[in-house]
Amino acid sequence: MNSNRMKIIFVVVLASFAAATRNVDKLKWTSFKKRFEKSYKSDEEEQSRFNIFTKNLRMIEEHNAKFEAGLVSYYLVMNGIGDQIEDEMNRMFTLRLTEDMNRRSRFRFRPPENIEIPNSIDWRDLGAVTPVKDQRHCGSCWAFGSIGAVEGQLAINTGKLVSLSEQQLVDCSTDYGNEGCNGGYAQAAYSYLLDVRGLEREDAYPYEAKNRSCRYNKDKVVPGTKVEAYTNIKANNDYDLKAAVGTVGPISVAINANNNHFFFYGGGVFDGDTCKPEVDHEVLLVGYGSENGEDYWFVKNSWGPCWGEGGYIRFSRSVQNICNISSVANFPVLQ
């Protein structure tokens with residue numbers, strides 16, 4: 001067989017493979033649009049979104065091949081942001097830290113000397129974590145992280161798990177440095193809560209994923225949600241963070257999440273290999289544990305239950321301050 005014929009066969013096989021890949025991609029695209037209820041204004045926009053989708057699909061497949069080979073500890077999955085460019089995803093990362101953000105904090109957490117820190121804990125099993133919520137296309141992660149910490153303390157103090165209103169913080173804490181869907185930080189949320197009677201229930205002041213005027217009604221406040229103070233945990237100290245979540249309850253933490261592997265995290269223990277130095281996303285640390293010799297943190301995100309492991313991610317504890325998880329951490333003290 002001469003070389004020209006070999007080249008022709010190679011080109012034909014390559015073209016057939018490419019055509020088969022495109023057909024599979026089209027089928028996955030159709031399924032993606034149906035599952036996530038996607039529609040587009042024009043054929044041109046759909047083609048552009050399809051190109052983004054296939055680029056993300058290749059990235060996911062390449063990473064998961066490493067997972068199947070045992071080279072990495074977590075896998076990726078396609079989700080509802082698979083047709084978006086990075087600039088669109090960036091709208092979700094609006095955590096805003098300021099130099100005076102701790103001006104009203106009266107306490108610094110110190111690990112208790114007379115209490116044994118458990119080897120593992122999961123506050124979900126102890127009834128202190130509400131179901132996973134979805135911030136949608138609103139930069140309100142800071143509200144979900146801080147509300148989750150209040151919900152946890154309320155449940156620990158009273159034995160009642162109540163879903164509280166993130167929208168109240170979005171609408172009403174702008175005078176304290178937050179900007180609703182355009183960003184904020186937990187300390188400003190707690191500063192606002194120091195000055196009001198407490199929080200309304202989620203169903204009384206429901207989440208709308210947009211900025212609105214404040215409609216806070218003090219007569220609808222859930223008893224026990226009055227914030228008396230908030231406590232900061234020593235920065236970049238994983239031991240103190242473990243002691244806090246192990247003895248106090250769920251902790252609001254800032255992390256770096258603006259990277260493709262976090263976007264499409266599907267399961268396993270995230271090793272932080274794609275994380276960047278800055279913090280840009282507020283989440284809720286709900287516990288820690290170990291599996292097959294791998295230590296990890298349990299973290300609740302606010303992107304709905306279809307993301308990650310039912311809305312959660314496990315971060316490796318083998319990496320000190322992974323994705324900056326212990327750089328800015330705090331919790332409220334309720335009256």
# chains A, B, ... in the order shown; residues from 1 in each chain; ligands from 1
$ select_by_dssp --residues "segment 48-262 of chain A" --states "helix (DSSP H, G or I)" --output "ChimeraX atom specification"
/A:48-68,86-92,141-158,166-172,174-176,180-182,186-194,218-220,238-247,260-262
$ write_last_selection --atoms "C-alpha atoms" --output "short mmCIF file (atom, residue, chain, number, x, y, z; two decimals), in the first residue's frame"
data_model
loop_
_atom_site.label_atom_id
_atom_site.label_comp_id
_atom_site.auth_asym_id
_atom_site.auth_seq_id
_atom_site.Cartn_x
_atom_site.Cartn_y
_atom_site.Cartn_z
CA SER A 48 -22.21 30.83 19.49
CA ARG A 49 -23.60 29.17 22.62
CA PHE A 50 -23.10 25.74 21.08
CA ASN A 51 -19.45 26.54 20.40
CA ILE A 52 -18.97 27.56 24.06
CA PHE A 53 -20.76 24.40 25.17
CA THR A 54 -18.52 22.12 23.10
CA LYS A 55 -15.38 23.86 24.38
CA ASN A 56 -16.51 23.26 27.96
CA LEU A 57 -17.50 19.71 27.09
CA ARG A 58 -13.99 18.93 25.79
CA MET A 59 -12.45 20.40 28.94
CA ILE A 60 -14.73 18.25 31.12
CA GLU A 61 -13.98 15.10 29.12
CA GLU A 62 -10.23 15.64 29.26
CA HIS A 63 -10.29 16.16 33.01
CA ASN A 64 -12.54 13.16 33.64
CA ALA A 65 -10.19 10.92 31.67
CA LYS A 66 -7.58 11.80 34.31
CA PHE A 67 -10.11 11.03 37.04
CA GLU A 68 -10.86 7.61 35.55
CA GLU A 86 -16.31 33.66 31.62
CA ASP A 87 -17.51 37.29 31.75
CA GLU A 88 -21.08 36.07 32.31
CA MET A 89 -19.98 33.69 35.03
CA ASN A 90 -18.06 36.50 36.72
CA ARG A 91 -21.36 38.17 37.65
CA MET A 92 -21.76 35.49 40.30
CA CYS A 141 -23.47 34.83 47.57
CA TRP A 142 -22.57 36.98 50.60
CA ALA A 143 -26.22 36.96 51.71
CA PHE A 144 -26.51 33.18 51.41
CA GLY A 145 -23.27 32.57 53.31
CA SER A 146 -24.21 34.85 56.19
CA ILE A 147 -27.85 33.71 56.35
CA GLY A 148 -26.69 30.09 56.48
CA ALA A 149 -24.55 30.87 59.51
CA VAL A 150 -27.50 32.57 61.26
CA GLU A 151 -29.78 29.63 60.40
CA GLY A 152 -27.23 27.29 61.93
CA GLN A 153 -26.90 29.23 65.17
CA LEU A 154 -30.68 29.57 65.43
CA ALA A 155 -31.12 25.80 65.05
CA ILE A 156 -28.39 25.05 67.60
CA ASN A 157 -29.84 27.54 70.11
CA THR A 158 -33.53 26.68 69.75
CA GLU A 166 -31.65 36.35 51.95
CA GLN A 167 -33.75 38.92 50.12
CA GLN A 168 -34.04 40.96 53.31
CA LEU A 169 -30.25 41.34 53.31
CA VAL A 170 -30.14 42.06 49.56
CA ASP A 171 -32.70 44.85 49.94
CA CYS A 172 -31.97 46.30 53.34
CA THR A 174 -27.06 48.71 51.38
CA ASP A 175 -26.35 51.43 53.97
CA TYR A 176 -23.81 49.09 55.55
CA GLY A 180 -27.46 43.75 46.65
CA CYS A 181 -27.01 41.70 43.51
CA ASN A 182 -23.88 43.71 42.72
CA ALA A 186 -20.90 38.85 55.38
CA GLN A 187 -19.51 41.33 57.90
CA ALA A 188 -21.66 44.11 56.43
CA ALA A 189 -24.67 41.80 56.62
CA TYR A 190 -23.97 41.14 60.29
CA SER A 191 -23.48 44.88 60.92
CA TYR A 192 -26.97 45.47 59.52
CA LEU A 193 -28.38 42.70 61.69
CA LEU A 194 -26.85 44.29 64.78
CA LYS A 218 -40.10 44.00 62.48
CA ASP A 219 -43.37 42.34 63.44
CA LYS A 220 -42.53 39.34 61.23
CA ASP A 238 -6.98 25.83 59.33
CA TYR A 239 -6.76 24.55 62.90
CA ASP A 240 -8.81 27.43 64.28
CA LEU A 241 -11.31 27.04 61.44
CA LYS A 242 -11.69 23.33 62.24
CA ALA A 243 -12.11 24.13 65.92
CA ALA A 244 -14.79 26.72 65.14
CA VAL A 245 -16.90 24.55 62.87
CA GLY A 246 -16.37 21.57 65.18
CA THR A 247 -17.55 23.34 68.34
CA ASN A 260 -13.64 26.37 35.34
CA HIS A 261 -13.08 23.34 37.53
CA PHE A 262 -15.14 24.86 40.33
#
$ select_by_dssp --residues "segment 66-207 of chain A" --states "strand (DSSP E)" --output "ChimeraX atom specification"
/A:74-76,107-108,121-122
$ residues_around --residues "Lys38 of chain A" --least-positions-apart "3" --cutoff "12 Å" --atoms "only C-alpha atoms" --output "ChimeraX atom specification"
/A:29-35,41,45-46,49-50,79-84
$ residues_around --residues "Pro223 of chain A" --least-positions-apart "2" --cutoff "10 Å" --atoms "only C-alpha atoms" --output "list in words"
Leu154, Thr158, Arg197, Gly198, Leu199, Glu200, Lys220, Val221, Thr225, Lys226 and Gln335 of chain A
$ write_last_selection --atoms "C-alpha atoms" --output "PDB file, in the first residue's frame"
ATOM      1  CA  LEU A 154     -30.682  29.568  65.433  1.00  0.00           C
ATOM      2  CA  THR A 158     -33.527  26.679  69.748  1.00  0.00           C
ATOM      3  CA  ARG A 197     -34.614  43.024  65.535  1.00  0.00           C
ATOM      4  CA  GLY A 198     -33.697  40.073  63.347  1.00  0.00           C
ATOM      5  CA  LEU A 199     -34.643  38.243  60.177  1.00  0.00           C
ATOM      6  CA  GLU A 200     -37.904  37.319  58.553  1.00  0.00           C
ATOM      7  CA  LYS A 220     -42.529  39.336  61.234  1.00  0.00           C
ATOM      8  CA  VAL A 221     -39.076  38.688  62.671  1.00  0.00           C
ATOM      9  CA  THR A 225     -32.547  35.782  65.086  1.00  0.00           C
ATOM     10  CA  LYS A 226     -31.342  38.993  66.716  1.00  0.00           C
ATOM     11  CA  GLN A 335     -29.065  36.851  71.624  1.00  0.00           C
TER      12      GLN A 335
END
$ closest_residue --among "A:Lys276, A:Lys160, A:Arg136, A:His281" --to "Ala209 of chain A" --atoms "only C-alpha atoms"
A:Arg136
$ residues_around --residues "segment 232-236 of chain A" --least-positions-apart "3" --cutoff "8 Å" --atoms "only C-alpha atoms" --output "list of chain:residue names"
A:Ser105, A:Phe107, A:Arg108, A:Phe109, A:Arg110, A:Asp240, A:Leu241, A:Ala244, A:Asn321, A:Asn324, A:Ile325, A:Ser326, A:Ser327, A:Val328, A:Ala329, A:Asn330, A:Phe331
$ write_last_selection --atoms "C-alpha atoms" --output "tab-separated table (two decimals), in the first residue's frame"
chain	number	residue	atom	x	y	z
A	105	SER	CA	-16.67	42.86	65.37
A	107	PHE	CA	-14.67	39.07	69.19
A	108	ARG	CA	-11.84	36.91	67.84
A	109	PHE	CA	-12.45	33.18	68.05
A	110	ARG	CA	-10.14	31.20	70.30
A	240	ASP	CA	-8.81	27.43	64.28
A	241	LEU	CA	-11.31	27.04	61.44
A	244	ALA	CA	-14.79	26.72	65.14
A	321	ASN	CA	-5.98	27.21	53.30
A	324	ASN	CA	-8.38	30.61	50.63
A	325	ILE	CA	-11.05	28.89	52.73
A	326	SER	CA	-9.57	30.04	56.04
A	327	SER	CA	-8.61	33.55	54.93
A	328	VAL	CA	-11.91	35.28	55.84
A	329	ALA	CA	-14.19	33.25	58.13
A	330	ASN	CA	-16.76	34.35	60.70
A	331	PHE	CA	-20.01	33.52	62.46
$ closest_residue --among "A:Gly127, A:Asp271, A:Asn256, A:Glu294" --to "Val319 of chain A" --atoms "only C-alpha atoms"
A:Asp271
